[in-house]
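**Student:** If it helps, the file is called work.txt and holds compact mmCIF, C-alpha atoms:
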```
# COMPACT_ATOMS: atom_id res chain seq x y z
CA MET B 3 -5.64 -51.70 -3.44
CA ASP B 4 -4.71 -48.20 -4.63
CA TYR B 5 -7.49 -46.84 -6.81
CA THR B 6 -6.69 -44.89 -9.97
CA LEU B 7 -9.83 -45.43 -12.06
CA ILE B 8 -12.39 -44.95 -9.30
CA GLN B 9 -12.67 -42.74 -6.25
CA LEU B 10 -14.12 -43.95 -2.96
CA GLN B 11 -15.01 -41.48 -0.24
CA VAL B 12 -16.84 -42.11 3.03
CA GLU B 13 -18.44 -39.32 5.03
CA ARG B 14 -20.86 -39.71 7.94
CA GLY B 15 -21.55 -43.32 7.04
CA ILE B 16 -22.30 -42.67 3.35
CA ALA B 17 -19.88 -44.06 0.77
CA THR B 18 -19.62 -42.30 -2.59
CA LEU B 19 -18.02 -44.36 -5.34
CA THR B 20 -17.13 -42.45 -8.51
CA PHE B 21 -16.07 -43.95 -11.82
CA ASN B 22 -13.03 -41.88 -12.74
CA ARG B 23 -12.28 -42.22 -16.46
CA PRO B 24 -13.93 -38.98 -17.60
CA GLU B 25 -11.87 -38.84 -20.80
CA LYS B 26 -13.47 -42.17 -21.80
CA ARG B 27 -16.91 -41.31 -20.39
CA ASN B 28 -16.12 -43.86 -17.65
CA ALA B 29 -16.19 -46.84 -20.00
CA MET B 30 -15.81 -50.10 -18.07
CA SER B 31 -12.34 -51.49 -18.78
CA ASP B 32 -11.05 -54.65 -17.13
CA GLU B 33 -8.88 -52.50 -14.87
CA LEU B 34 -11.77 -50.29 -13.81
CA ARG B 35 -13.91 -53.35 -13.14
CA ALA B 36 -11.21 -54.82 -10.89
CA GLU B 37 -11.11 -51.64 -8.80
CA PHE B 38 -14.91 -51.41 -8.78
CA THR B 39 -15.22 -55.00 -7.56
CA HIS B 40 -12.67 -54.46 -4.81
CA ALA B 41 -14.44 -51.30 -3.66
CA LEU B 42 -17.85 -53.00 -3.59
CA GLU B 43 -16.47 -55.80 -1.44
CA ARG B 44 -14.92 -53.22 0.88
CA VAL B 45 -18.15 -51.24 1.21
CA ALA B 46 -20.20 -54.38 1.83
CA ALA B 47 -17.86 -55.49 4.63
CA ASP B 48 -17.59 -52.12 6.40
CA LYS B 49 -20.23 -51.96 9.14
CA GLU B 50 -19.71 -48.22 9.52
CA ILE B 51 -20.99 -47.61 5.98
CA ARG B 52 -24.77 -47.33 5.95
CA ALA B 53 -25.44 -46.69 2.25
CA LEU B 54 -23.67 -46.28 -1.08
CA VAL B 55 -23.96 -43.66 -3.83
CA LEU B 56 -22.56 -44.59 -7.26
CA THR B 57 -21.80 -41.90 -9.85
CA GLY B 58 -19.42 -40.95 -12.66
CA ALA B 59 -16.84 -38.21 -13.06
CA GLY B 60 -17.20 -35.67 -15.83
CA LYS B 61 -20.07 -35.66 -18.31
CA GLY B 62 -20.98 -39.33 -18.30
CA PHE B 63 -22.11 -41.95 -15.80
CA CYS B 64 -20.68 -44.94 -17.69
CA ALA B 65 -20.43 -45.37 -21.44
CA GLY B 66 -20.57 -49.16 -21.20
CA GLY B 67 -17.92 -51.70 -22.11
CA ASP B 68 -14.53 -50.44 -23.22
CA ILE B 69 -14.14 -50.67 -27.02
CA ALA B 70 -10.44 -51.48 -26.70
CA GLY B 71 -11.41 -54.58 -24.76
CA MET B 72 -13.81 -55.58 -27.52
CA GLU B 73 -11.00 -55.23 -30.06
CA ARG B 74 -8.69 -57.45 -28.01
CA ARG B 75 -11.39 -60.13 -27.83
CA MET B 76 -11.87 -60.09 -31.61
CA ASN B 77 -8.12 -60.35 -32.18
CA ALA B 78 -7.72 -63.41 -29.97
CA PRO B 79 -7.16 -66.78 -31.68
CA ALA B 80 -10.47 -68.16 -32.96
CA GLY B 81 -10.28 -71.17 -30.69
CA GLU B 82 -9.99 -68.97 -27.61
CA VAL B 83 -12.73 -66.42 -28.30
CA ALA B 84 -15.59 -68.39 -26.75
CA PHE B 85 -13.77 -69.35 -23.56
CA ASN B 86 -12.31 -65.86 -23.14
CA GLY B 87 -15.80 -64.44 -23.54
CA TRP B 88 -17.23 -66.87 -21.00
CA HIS B 89 -14.49 -65.99 -18.52
CA ARG B 90 -15.11 -62.28 -18.99
CA GLN B 91 -18.83 -62.81 -18.43
CA GLN B 92 -18.08 -64.45 -15.10
CA ARG B 93 -16.22 -61.33 -13.98
CA VAL B 94 -18.96 -59.03 -15.23
CA HIS B 95 -21.70 -61.00 -13.47
CA HIS B 96 -19.70 -61.22 -10.25
CA THR B 97 -19.41 -57.44 -10.13
CA GLN B 98 -23.06 -56.87 -11.00
CA ALA B 99 -24.15 -59.39 -8.36
CA LEU B 100 -22.04 -57.64 -5.72
CA LEU B 101 -23.82 -54.40 -6.56
CA HIS B 102 -27.29 -55.93 -6.69
CA THR B 103 -26.90 -57.86 -3.44
CA MET B 104 -25.08 -55.13 -1.50
CA PRO B 105 -26.49 -55.51 2.06
CA LYS B 106 -27.27 -51.80 2.32
CA PRO B 107 -29.10 -49.26 0.15
CA VAL B 108 -27.43 -48.28 -3.14
CA ILE B 109 -28.33 -45.22 -5.21
CA ALA B 110 -27.08 -44.55 -8.74
CA ALA B 111 -26.63 -40.81 -9.29
CA VAL B 112 -26.69 -40.60 -13.09
CA ASN B 113 -25.11 -37.36 -14.28
CA GLY B 114 -24.92 -38.06 -18.01
CA ALA B 115 -25.01 -40.94 -20.44
CA ALA B 116 -25.52 -44.44 -19.03
CA SER B 117 -25.08 -46.71 -22.03
CA GLY B 118 -25.01 -50.48 -22.41
CA LEU B 119 -23.29 -51.92 -19.37
CA GLY B 120 -23.49 -48.47 -17.79
CA ALA B 121 -27.29 -48.54 -18.00
CA ASP B 122 -27.33 -52.07 -16.58
CA THR B 123 -25.06 -50.96 -13.73
CA ALA B 124 -27.47 -48.17 -12.81
CA LEU B 125 -30.35 -50.69 -12.84
CA ALA B 126 -28.43 -53.02 -10.52
CA CYS B 127 -28.68 -50.34 -7.83
CA ASP B 128 -31.75 -50.08 -5.60
CA PHE B 129 -32.66 -46.59 -6.77
CA ILE B 130 -31.72 -44.17 -9.54
CA ILE B 131 -31.65 -40.39 -9.29
CA ALA B 132 -30.85 -38.50 -12.49
CA SER B 133 -29.92 -35.01 -13.55
CA GLU B 134 -31.49 -33.27 -16.50
CA TRP B 135 -28.44 -34.33 -18.56
CA ALA B 136 -28.92 -38.03 -17.87
CA SER B 137 -29.80 -40.51 -20.59
CA PHE B 138 -30.08 -44.28 -20.81
CA THR B 139 -29.35 -46.49 -23.79
CA TRP B 140 -29.40 -50.29 -23.97
CA SER B 141 -27.21 -50.02 -27.05
CA TYR B 142 -26.01 -53.62 -27.20
CA ILE B 143 -28.01 -54.29 -30.36
CA HIS B 144 -25.81 -51.78 -32.23
CA ARG B 145 -22.77 -53.99 -31.46
CA GLY B 146 -24.54 -57.23 -32.34
CA ILE B 147 -24.69 -58.45 -28.75
CA ILE B 148 -27.25 -58.79 -25.98
CA PRO B 149 -27.45 -57.04 -22.58
CA ASP B 150 -24.95 -58.85 -20.37
CA GLY B 151 -24.95 -56.74 -17.23
CA GLY B 152 -28.35 -57.77 -15.91
CA GLY B 153 -30.47 -55.54 -18.13
CA MET B 154 -32.66 -58.41 -19.29
CA TYR B 155 -33.44 -59.14 -15.64
CA PHE B 156 -33.67 -55.63 -14.18
CA LEU B 157 -35.28 -53.63 -17.00
CA PRO B 158 -38.54 -55.64 -17.31
CA ARG B 159 -39.00 -55.29 -13.56
CA ARG B 160 -38.93 -51.53 -13.87
CA VAL B 161 -40.78 -50.87 -17.12
CA GLY B 162 -42.65 -54.08 -17.98
CA LEU B 163 -41.81 -56.74 -20.54
CA ALA B 164 -43.07 -55.06 -23.71
CA LYS B 165 -41.32 -51.75 -23.03
CA ALA B 166 -38.11 -53.56 -22.07
CA LYS B 167 -38.22 -55.38 -25.40
CA ASP B 168 -38.71 -52.06 -27.20
CA LEU B 169 -35.71 -50.45 -25.50
CA ILE B 170 -33.45 -53.49 -25.98
CA PHE B 171 -34.51 -54.30 -29.56
CA THR B 172 -34.09 -50.69 -30.76
CA GLY B 173 -31.23 -49.54 -28.54
CA ARG B 174 -32.73 -46.05 -28.64
CA LYS B 175 -31.78 -43.28 -26.23
CA VAL B 176 -34.10 -42.50 -23.32
CA GLU B 177 -33.75 -38.95 -22.01
CA ALA B 178 -34.20 -38.07 -18.34
CA ASP B 179 -37.88 -37.03 -18.49
CA GLU B 180 -38.95 -40.15 -20.36
CA ALA B 181 -36.85 -42.30 -18.04
CA LEU B 182 -38.68 -40.80 -15.08
CA ALA B 183 -42.07 -41.37 -16.72
CA LEU B 184 -41.22 -44.99 -17.56
CA GLY B 185 -39.97 -45.77 -14.07
CA ILE B 186 -36.33 -46.26 -15.06
CA VAL B 187 -35.51 -43.27 -12.87
CA ASP B 188 -36.99 -42.82 -9.40
CA ARG B 189 -36.13 -39.14 -8.91
CA LYS B 190 -34.92 -36.28 -11.07
CA THR B 191 -32.94 -33.27 -9.90
CA THR B 192 -30.62 -30.61 -11.30
CA ALA B 193 -27.01 -31.33 -12.24
CA ASP B 194 -25.66 -29.03 -9.53
CA ARG B 195 -27.79 -30.77 -6.87
CA LEU B 196 -27.42 -34.36 -8.06
CA LEU B 197 -24.69 -35.63 -5.76
CA ALA B 198 -25.92 -33.75 -2.70
CA ASP B 199 -29.48 -34.98 -3.23
CA ALA B 200 -28.28 -38.55 -3.76
CA GLN B 201 -26.19 -38.45 -0.59
CA ALA B 202 -29.06 -36.96 1.43
CA TRP B 203 -31.38 -39.69 0.15
CA ALA B 204 -28.77 -42.33 0.99
CA ALA B 205 -28.49 -40.94 4.52
CA GLU B 206 -32.27 -41.12 4.90
CA LEU B 207 -32.38 -44.73 3.66
CA GLY B 208 -29.47 -45.76 5.84
CA ARG B 209 -30.90 -44.53 9.14
CA GLY B 210 -32.81 -47.72 9.86
CA SER B 211 -31.58 -50.96 11.37
CA ALA B 212 -28.70 -52.29 9.26
CA THR B 213 -29.82 -55.83 10.08
CA ALA B 214 -33.42 -55.26 9.02
CA LEU B 215 -32.35 -53.40 5.87
CA ALA B 216 -30.00 -56.16 4.74
CA LEU B 217 -32.51 -58.93 5.38
CA SER B 218 -35.40 -57.03 3.79
CA LYS B 219 -33.36 -56.30 0.67
CA THR B 220 -32.27 -59.92 0.33
CA ILE B 221 -35.88 -61.11 0.38
CA LEU B 222 -37.31 -58.30 -1.75
CA ASN B 223 -34.75 -59.02 -4.47
CA GLN B 224 -36.26 -62.50 -4.85
CA THR B 225 -39.97 -61.80 -4.55
CA PHE B 226 -40.69 -61.84 -8.30
CA GLU B 227 -39.34 -65.37 -8.54
CA LEU B 228 -40.58 -66.93 -5.29
CA PRO B 229 -44.10 -68.08 -4.38
CA ALA B 230 -45.71 -66.37 -1.42
CA GLN B 231 -45.11 -69.29 0.92
CA GLN B 232 -41.36 -69.13 0.35
CA VAL B 233 -41.36 -65.38 0.91
CA PHE B 234 -43.25 -65.96 4.17
CA ALA B 235 -40.76 -68.66 5.18
CA GLN B 236 -37.75 -66.48 4.49
CA GLY B 237 -39.47 -63.62 6.29
CA SER B 238 -40.01 -65.77 9.36
CA GLN B 239 -36.34 -66.69 9.47
CA ALA B 240 -35.25 -63.12 8.94
CA GLN B 241 -37.60 -61.86 11.64
CA GLY B 242 -36.12 -64.37 14.08
CA ILE B 243 -32.71 -62.84 13.39
CA CYS B 244 -34.12 -59.32 13.82
CA TYR B 245 -35.52 -60.26 17.24
CA THR B 246 -31.96 -60.89 18.44
CA SER B 247 -30.38 -57.80 16.87
CA THR B 248 -28.95 -54.99 18.94
CA GLU B 249 -30.99 -52.44 16.97
CA HIS B 250 -34.30 -54.15 17.78
CA ARG B 251 -33.55 -54.68 21.44
CA GLU B 252 -32.33 -51.12 21.98
CA SER B 253 -35.31 -49.71 20.10
CA VAL B 254 -37.82 -51.68 22.18
CA ARG B 255 -36.11 -50.74 25.44
CA ALA B 256 -36.07 -47.07 24.48
CA PHE B 257 -39.75 -47.18 23.52
CA LEU B 258 -40.70 -48.93 26.76
CA ALA B 259 -38.69 -46.50 28.85
CA LYS B 260 -40.39 -43.57 27.14
CA THR B 261 -43.83 -45.16 27.55
CA HIS B 262 -43.29 -45.99 31.20
CA GLY B 263 -41.93 -42.53 31.87
CA THR B 264 -44.99 -40.93 30.27
CA ALA B 265 -47.33 -43.18 32.21
CA GLY B 266 -45.71 -42.23 35.48
CA GLU B 267 -46.12 -38.49 34.98
```
Can you present the structure in this file as structure tokens?
**Tutor:**
Amino acid sequence: MDYTLIQLQVERGIATLTFNRPEKRNAMSDELRAEFTHALERVAADKEIRALVLTGAGKGFCAGGDIAGMERRMNAPAGEVAFNGWHRQQRVHHTQALLHTMPKPVIAAVNGAASGLGADTALACDFIIASEWASFTWSYIHRGIIPDGGGMYFLPRRVGLAKAKDLIFTGRKVEADEALALGIVDRKTTADRLLADAQAWAAELGRGSATALALSKTILNQTFELPAQQVFAQGSQAQGICYTSTEHRESVRAFLAKTHGTAGE
């Protein structure tokens, strides 16, 4: 696929995916979502990519759903609105699930406004780093709809249930400093350092065993829903896989060689 609404660059094992509709504050149109989905599948499948940074071109991270798309949905025949909406939701959730379950670390580098679906998209990443110009708004309530990009799942896990209700019920804007204090944001930096800091963090996270990272992330993403015994069971299975991985075997051999060499001196 030739990308026109996103940019995807890979350097030294770190992929940087940029929403590229700056004139629309990177609002998520159907066309942008199709490119985004394709790129996520590509990144997930590429073993040379160790981590992903997600950001937006221009002054915004992502302004949420495209208003033109909302207008088209309202203008559809009444008997088709519900099914069209259901079908769109399937596409939205597929993309968000690809991001959330990406088998490698994902960092959202939020450079400006992350609103509605844009805020949910940032939350679907493992970590969020924000510039001083970043803001977050779960603004769905102002359009008479509910968070549909995973916000009702992700936000309570970051800020607690009561605060998530406050942010979703009011749709108020959360500036960068408050977002950091609430735990929405993990790190804050300056606008001119945002991308470089995000990429450096991604490189740090991606240094470990790709096998162990993917398996750990898969289990950690479920730990709020699973009882301890199931987490232990999944951990046992994952550890069995790790025992056979190239990374584990090479690491143990290198450690033993170093230890034996030291002992012989």
**Student:** Between B:Asn28, B:Gln92, B:Ser211, B:Ser137, which is the closest to Glu252 of chain B once you count only C-alpha atoms?
**Tutor:**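 Closest residue, counting only C-alpha atoms: B:Ser211.
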**Student:** Place a sphere of radius 12 Å on (-29.6, -40.3, 0.8) in the file coordinates and name every protein, DNA or RNA residue with an atom inside or on its surface, counting only C-alpha atoms; give the answer as a PyMOL selection string.
**Tutor:** chain B and resi 13-18+52-56+106-111+128-131+189+196-209
**Student:** Please dump the current selection as an mmCIF file, in the coordinates of the input; keep C-alpha atoms.
**Tutor:**
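Written file, out_29.cif:
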```cif
data_model
loop_
_atom_site.group_PDB
_atom_site.id
_atom_site.type_symbol
_atom_site.label_atom_id
_atom_site.label_comp_id
_atom_site.auth_asym_id
_atom_site.auth_seq_id
_atom_site.Cartn_x
_atom_site.Cartn_y
_atom_site.Cartn_z
ATOM 1 C CA GLU B 13 -18.440 -39.320 5.030
ATOM 2 C CA ARG B 14 -20.860 -39.710 7.940
ATOM 3 C CA GLY B 15 -21.550 -43.320 7.040
ATOM 4 C CA ILE B 16 -22.300 -42.670 3.350
ATOM 5 C CA ALA B 17 -19.880 -44.060 0.770
ATOM 6 C CA THR B 18 -19.620 -42.300 -2.590
ATOM 7 C CA ARG B 52 -24.770 -47.330 5.950
ATOM 8 C CA ALA B 53 -25.440 -46.690 2.250
ATOM 9 C CA LEU B 54 -23.670 -46.280 -1.080
ATOM 10 C CA VAL B 55 -23.960 -43.660 -3.830
ATOM 11 C CA LEU B 56 -22.560 -44.590 -7.260
ATOM 12 C CA LYS B 106 -27.270 -51.800 2.320
ATOM 13 C CA PRO B 107 -29.100 -49.260 0.150
ATOM 14 C CA VAL B 108 -27.430 -48.280 -3.140
ATOM 15 C CA ILE B 109 -28.330 -45.220 -5.210
ATOM 16 C CA ALA B 110 -27.080 -44.550 -8.740
ATOM 17 C CA ALA B 111 -26.630 -40.810 -9.290
ATOM 18 C CA ASP B 128 -31.750 -50.080 -5.600
ATOM 19 C CA PHE B 129 -32.660 -46.590 -6.770
ATOM 20 C CA ILE B 130 -31.720 -44.170 -9.540
ATOM 21 C CA ILE B 131 -31.650 -40.390 -9.290
ATOM 22 C CA ARG B 189 -36.130 -39.140 -8.910
ATOM 23 C CA LEU B 196 -27.420 -34.360 -8.060
ATOM 24 C CA LEU B 197 -24.690 -35.630 -5.760
ATOM 25 C CA ALA B 198 -25.920 -33.750 -2.700
ATOM 26 C CA ASP B 199 -29.480 -34.980 -3.230
ATOM 27 C CA ALA B 200 -28.280 -38.550 -3.760
ATOM 28 C CA GLN B 201 -26.190 -38.450 -0.590
ATOM 29 C CA ALA B 202 -29.060 -36.960 1.430
ATOM 30 C CA TRP B 203 -31.380 -39.690 0.150
ATOM 31 C CA ALA B 204 -28.770 -42.330 0.990
ATOM 32 C CA ALA B 205 -28.490 -40.940 4.520
ATOM 33 C CA GLU B 206 -32.270 -41.120 4.900
ATOM 34 C CA LEU B 207 -32.380 -44.730 3.660
ATOM 35 C CA GLY B 208 -29.470 -45.760 5.840
ATOM 36 C CA ARG B 209 -30.900 -44.530 9.140
#
```
**Student:** From the options B:Val83, B:Val187, B:Ala115, B:Met104, which residue's atoms come nearest to Ala132 of chain B, counting all atoms listed in the file?
**Tutor:** B:Val187
**Student:** Counting all atoms listed in the file, which residue out of B:Asn77, B:Thr261, B:Asn113, B:Gln239 sits closest to Lys190 of chain B?
**Tutor:**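 The shortest atom-to-atom distance to Lys190 of chain B comes from B:Asn113.
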**Student:** For Gly152 of chain B, which residue out of B:Thr139, B:Gln98, B:Gly114, B:Glu249 is the nearest one, using only C-alpha atoms?
**Tutor:**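 Looking only at the distances to Gly152 of chain B, the closest residue turns out to be B:Gln98.
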**Student:** Taking only residues of segment 142-230 of chain B that have an atom at most 9 Å from an atom of segment 117-125 of chain B, what is each one's shortest atom pair and its distance in Å to one decimal, using only C-alpha atoms, in chain and number order, as a tab-separated table?
**Tutor:**
```
residue	atom	partner	partner_atom	distance
B:Tyr142	CA	B:Gly118	CA	5.8
B:Pro149	CA	B:Gly118	CA	7.0
B:Asp150	CA	B:Leu119	CA	7.2
B:Gly151	CA	B:Asp122	CA	5.3
B:Gly152	CA	B:Asp122	CA	5.8
B:Gly153	CA	B:Asp122	CA	4.9
B:Met154	CA	B:Asp122	CA	8.7
B:Phe156	CA	B:Leu125	CA	6.1
B:Leu157	CA	B:Leu125	CA	7.1
B:Arg160	CA	B:Leu125	CA	8.7
B:Gly173	CA	B:Gly118	CA	8.8
B:Lys175	CA	B:Ser117	CA	8.6
B:Ile186	CA	B:Leu125	CA	7.8
```
**Student:** Would you mind reading off the distance between atom CA of Leu169 of chain B and atom CA of Trp140 of chain B, one decimal, in Å?
**Tutor:**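 Here the two named atoms are 6.5 Å from each other.
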**Student:** Using atom CA of Gly237 of chain B and atom CA of Ile221 of chain B as the two end points, give the distance in Å to one decimal.
**Tutor:** 7.4 Å
**Student:** Could you give me, as a short mmCIF file (atom, residue, chain, number, x, y, z; two decimals) with C-alpha atoms, in the coordinates of the input, the residues within 10 Å of Thr220 of chain B, counting only C-alpha atoms and dropping anything in the same chain fewer than 6 positions from it?
**Tutor:**
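Final output, selection23.cif:
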```cif
data_model
loop_
_atom_site.label_atom_id
_atom_site.label_comp_id
_atom_site.auth_asym_id
_atom_site.auth_seq_id
_atom_site.Cartn_x
_atom_site.Cartn_y
_atom_site.Cartn_z
CA HIS B 102 -27.29 -55.93 -6.69
CA THR B 103 -26.90 -57.86 -3.44
CA MET B 104 -25.08 -55.13 -1.50
CA PRO B 105 -26.49 -55.51 2.06
CA LYS B 106 -27.27 -51.80 2.32
CA ALA B 214 -33.42 -55.26 9.02
CA GLN B 236 -37.75 -66.48 4.49
CA ALA B 240 -35.25 -63.12 8.94
#
```
**Student:** Edge lengths and centre in Å to one decimal, as JSON, of the axis-aligned box that encloses all listed atoms of segment 224-228 of chain B with 5 Å added on every side?
**Tutor:**
```
{"center_x": -38.5, "center_y": -64.4, "center_z": -6.5, "size_x": 14.4, "size_y": 15.1, "size_z": 14.0}
```
**Student:** Looking at only C-alpha atoms, which of B:Gly60, B:Gly242, B:Gly263, B:Gly67 is the one that sits closest to Ser141 of chain B?
**Tutor:**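 Going through B:Gly60, B:Gly242, B:Gly263, B:Gly67 one by one, the smallest distance to Ser141 of chain B is for B:Gly67.
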**Student:** Which value, in Å to one decimal, gives the distance between atom CA of Ala164 of chain B and atom CA of Glu227 of chain B?
**Tutor:**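 A separation of 18.7 Å between them.
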**Student:** What lies within 12 Å of Arg90 of chain B using all atoms listed in the file, ignoring chain neighbours under 2 positions off, as a list of chain:residue names?
**Tutor:**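 Neighbouring residues, sequence-local ones excluded: B:Ser31, B:Asp32, B:Arg35, B:Ala36, B:Gly67, B:Gly71, B:Met72, B:Arg75, B:Val83, B:Ala84, B:Phe85, B:Asn86, B:Gly87, B:Trp88, B:Gln92, B:Arg93, B:Val94, B:His95, B:His96, B:Thr97, B:Asp150, B:Gly151.
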**Student:** When distances are computed from only C-alpha atoms, which of B:Thr57, B:Thr39, B:Thr6, B:Gln224 shows the smallest separation from Phe21 of chain B?
**Tutor:** B:Thr57
**Student:** Which residues come within 10 Å of Gln9 of chain B, counting only C-alpha atoms, excluding same-chain residues fewer than 2 positions away, as JSON, numbers by chain?
**Tutor:** {"B": [4, 5, 6, 7, 11, 18, 19, 20, 21, 22, 37, 38, 41, 57, 58, 59]}
